[in-house]
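**Q** One structure coming up, written as structure tokens, with questions to follow.
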Amino acid sequence: MPHLQANGTRIYYEVHGKEAATPLVFLHGLGSSGQDWELQVPVFAEDFRVVLIDMRGHGKSDKPAGPYTVSGFAADTIAVLDHLQISSAHVVGLSMGGMIAFQMAVD
């Protein structure tokens, strides 16, 4: 299971599809995990490099005491993308994931 130490927390992530393909990042909602996207991954992995991230406090990532902020989730996401040497990507967010995607765009 791939984990990355980001901003003091172990963050779980998965990568599916072709390494050389255009990156596509799926961000889950509050109280959920990257598993939200399990039905979409096989379809999109045919043409994209799909990245799933369990936000801190969610799924297989560490669950530190907090506080949890959208800007902190965005920073963790950027840390994962930097680790994977992804400088730009399509980002799809569900609920809280949409807020994180918006924060990333603003930052």
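Going through the structure tokens in order, the chains are called A, B, and so on, while each chain numbers its residues from 1 and the ligands are numbered from 1 in the order shown.
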Using only C-alpha atoms, which protein or nucleic acid residues come within 8 Å of Ile100 in chain A? Drop anything in the same chain fewer than 2 positions from it, and give the result as a PyMOL selection string.
**A** chain A and resi 27+70-71+73-74+93+96-98+102-104
**Q** As a list in words, please: the residues near Asp62 in chain A (cut-off 6 Å, only C-alpha atoms, same-chain neighbours under 4 positions excluded).
**A** Arg10, Arg56 and Gly57 of chain A
**Q** Put those residues in a file: all heavy atoms, as a CSV table (one decimal), in the first residue's frame.
**A**
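Written out: again39.csv:
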```csv
chain,number,residue,atom,x,y,z
A,10,ARG,N,0.8,10.5,7.5
A,10,ARG,CA,0.9,9.5,6.4
A,10,ARG,C,-0.4,9.5,5.6
A,10,ARG,O,-1.5,9.3,6.1
A,10,ARG,CB,1.1,8.1,7.0
A,10,ARG,CG,2.6,7.8,7.3
A,10,ARG,CD,2.8,6.4,7.9
A,10,ARG,NE,1.7,5.5,7.8
A,10,ARG,CZ,1.8,4.3,7.1
A,10,ARG,NH1,3.0,4.0,6.5
A,10,ARG,NH2,0.8,3.5,7.0
A,56,ARG,N,-6.3,13.0,4.9
A,56,ARG,CA,-6.0,12.7,6.3
A,56,ARG,C,-7.3,12.6,7.1
A,56,ARG,O,-8.3,13.3,6.8
A,56,ARG,CB,-5.1,13.8,6.9
A,56,ARG,CG,-5.8,15.2,6.9
A,56,ARG,CD,-4.9,16.2,7.6
A,56,ARG,NE,-3.6,16.3,7.0
A,56,ARG,CZ,-2.5,16.5,7.6
A,56,ARG,NH1,-2.5,16.6,8.9
A,56,ARG,NH2,-1.3,16.5,7.0
A,57,GLY,N,-7.3,11.6,8.0
A,57,GLY,CA,-8.5,11.4,8.8
A,57,GLY,C,-9.6,10.5,8.1
A,57,GLY,O,-10.6,10.2,8.6
```
**Q** Once DSSP has gone over the backbone, tell me which residues of chain A are in alpha helix (DSSP H), as a list of chain:residue names.
**A**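 So the alpha helix (DSSP H) residues in chain A would be A:Val41, A:Pro42, A:Val43, A:Phe44, A:Val70, A:Ser71, A:Gly72, A:Phe73, A:Ala74, A:Ala75, A:Asp76, A:Thr77, A:Ile78, A:Ala79, A:Val80, A:Leu81, A:Asp82, A:His83, A:Met96, A:Gly97, A:Gly98, A:Met99, A:Ile100, A:Ala101, A:Phe102, A:Gln103, A:Met104, A:Ala105, A:Val106.
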**Q** Looking at A:Gly17, A:Gly66, A:Gly29, A:Gly8, which one is nearest to Leu94 in chain A, with distances taken over only C-alpha atoms?
**A**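 With only C-alpha atoms as the atom set, the closest residue is A:Gly29.
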**Q** Identify, on the basis of only C-alpha atoms, every residue whose closest approach to range 42-44 of chain A does not exceed 12 Å; exclude the query and any residue fewer than 2 positions from it along the same chain; express the result as a PyMOL selection string.
**A** chain A and resi 15-18+21-26+37-40+46-52+90+92
**Q** Taking only C-alpha atoms into account, which of A:Ile78, A:Ile53, A:Leu84, A:Ala6 comes nearest His28 in chain A?
**A**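 The answer is A:Ile53, which sits nearest to His28 in chain A.
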**Q** Kindly indicate which residue among A:Gln35, A:Asn7, A:Pro67, A:Ile86 lies nearest to Glu19 in chain A, using only C-alpha atoms for the distances.
**A**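 Checking each of A:Gln35, A:Asn7, A:Pro67, A:Ile86 against Glu19 in chain A, counting only C-alpha atoms, the winner is A:Ile86.
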**Q** One number please: CA of Asp54 in chain A to CA of Pro2 in chain A, in Å, one decimal.
**A**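 Distance reported for this atom pair: 11.0 Å.
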**Q** Grab the CA of His83 in chain A to CA of Ala20 in chain A distance for me, in Å with one decimal place.
**A**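 CA of Ala20 in chain A lies at a distance of 15.4 Å from CA of His83 in chain A.
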**Q** Using only C-alpha atoms, which of the listed residues (A:Ser95, A:Ser33, A:Thr9, A:Ser87) sits closest to Tyr68 in chain A?
**A** A:Thr9
**Q** Measuring between only C-alpha atoms, which one of A:Ser32, A:Thr77, A:Gln5, A:Thr69 shows the shortest distance to Ala89 in chain A?
**A**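 Comparing A:Ser32, A:Thr77, A:Gln5, A:Thr69 against Ala89 in chain A, the winner is A:Thr77.
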**Q** As a short mmCIF file (atom, residue, chain, number, x, y, z; two decimals) with N, CA and C atoms, in the first residue's frame, please: every residue in chain A that DSSP puts in strand (DSSP E).
**A**
```cif
data_model
loop_
_atom_site.label_atom_id
_atom_site.label_comp_id
_atom_site.auth_asym_id
_atom_site.auth_seq_id
_atom_site.Cartn_x
_atom_site.Cartn_y
_atom_site.Cartn_z
N HIS A 3 2.01 4.82 0.75
CA HIS A 3 1.76 5.93 1.65
C HIS A 3 2.85 6.97 1.43
N LEU A 4 2.53 8.20 1.73
CA LEU A 4 3.47 9.29 1.63
C LEU A 4 3.38 10.11 2.91
N GLN A 5 4.52 10.48 3.47
CA GLN A 5 4.53 11.37 4.62
C GLN A 5 4.35 12.80 4.10
N ALA A 6 3.20 13.41 4.39
CA ALA A 6 2.90 14.75 3.88
C ALA A 6 2.43 15.63 5.03
N THR A 9 1.75 13.83 8.29
CA THR A 9 0.76 12.76 8.32
C THR A 9 1.00 11.78 7.17
N ARG A 10 0.81 10.48 7.46
CA ARG A 10 0.92 9.48 6.39
C ARG A 10 -0.37 9.50 5.58
N ILE A 11 -0.22 9.76 4.29
CA ILE A 11 -1.36 9.83 3.38
C ILE A 11 -1.32 8.62 2.44
N TYR A 12 -2.45 7.95 2.34
CA TYR A 12 -2.58 6.80 1.46
C TYR A 12 -3.03 7.27 0.07
N TYR A 13 -2.44 6.66 -0.96
CA TYR A 13 -2.85 6.98 -2.33
C TYR A 13 -2.71 5.75 -3.20
N GLU A 14 -3.41 5.77 -4.33
CA GLU A 14 -3.31 4.71 -5.34
C GLU A 14 -3.16 5.36 -6.70
N VAL A 15 -2.45 4.68 -7.59
CA VAL A 15 -2.30 5.12 -8.97
C VAL A 15 -2.70 3.97 -9.88
N HIS A 16 -3.55 4.26 -10.85
CA HIS A 16 -4.03 3.24 -11.79
C HIS A 16 -3.86 3.77 -13.21
N GLY A 17 -3.72 2.87 -14.15
CA GLY A 17 -3.66 3.27 -15.56
C GLY A 17 -2.25 3.43 -16.05
N THR A 22 -2.39 11.27 -19.34
CA THR A 22 -2.80 12.49 -18.65
C THR A 22 -3.32 12.13 -17.26
N PRO A 23 -2.83 12.80 -16.21
CA PRO A 23 -3.29 12.51 -14.86
C PRO A 23 -4.72 12.98 -14.62
N LEU A 24 -5.47 12.16 -13.90
CA LEU A 24 -6.84 12.45 -13.49
C LEU A 24 -6.94 12.10 -12.01
N VAL A 25 -7.22 13.10 -11.18
CA VAL A 25 -7.26 12.93 -9.73
C VAL A 25 -8.71 12.94 -9.27
N PHE A 26 -9.10 11.91 -8.52
CA PHE A 26 -10.44 11.85 -7.94
C PHE A 26 -10.33 12.11 -6.43
N LEU A 27 -11.10 13.08 -5.93
CA LEU A 27 -11.09 13.45 -4.52
C LEU A 27 -12.45 13.14 -3.90
N PHE A 48 -6.37 7.34 -18.82
CA PHE A 48 -5.76 8.32 -17.93
C PHE A 48 -4.89 7.62 -16.89
N ARG A 49 -4.02 8.42 -16.29
CA ARG A 49 -3.28 7.98 -15.10
C ARG A 49 -4.14 8.44 -13.92
N VAL A 50 -4.89 7.54 -13.33
CA VAL A 50 -5.86 7.86 -12.29
C VAL A 50 -5.19 7.82 -10.92
N VAL A 51 -5.39 8.90 -10.16
CA VAL A 51 -4.83 9.01 -8.81
C VAL A 51 -5.99 9.13 -7.82
N LEU A 52 -5.99 8.26 -6.82
CA LEU A 52 -6.94 8.31 -5.71
C LEU A 52 -6.17 8.64 -4.44
N ILE A 53 -6.72 9.50 -3.61
CA ILE A 53 -6.05 9.89 -2.37
C ILE A 53 -7.06 9.80 -1.24
N ASP A 54 -6.70 9.12 -0.16
CA ASP A 54 -7.50 9.16 1.06
C ASP A 54 -7.02 10.36 1.88
N HIS A 90 -6.16 16.84 -14.37
CA HIS A 90 -7.59 17.06 -14.27
C HIS A 90 -7.98 16.61 -12.87
N VAL A 91 -8.84 17.39 -12.21
CA VAL A 91 -9.23 17.06 -10.83
C VAL A 91 -10.74 16.99 -10.76
N VAL A 92 -11.25 15.89 -10.20
CA VAL A 92 -12.68 15.68 -10.01
C VAL A 92 -12.92 15.51 -8.52
N GLY A 93 -13.81 16.33 -7.97
CA GLY A 93 -14.09 16.24 -6.55
C GLY A 93 -15.57 16.05 -6.27
#
```
**Q** May I ask for the distance between CA of Ser61 in chain A and CA of Ala79 in chain A, given in Å to one decimal place?
**A**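 Taking CA of Ser61 in chain A and CA of Ala79 in chain A, their separation equals 13.8 Å.
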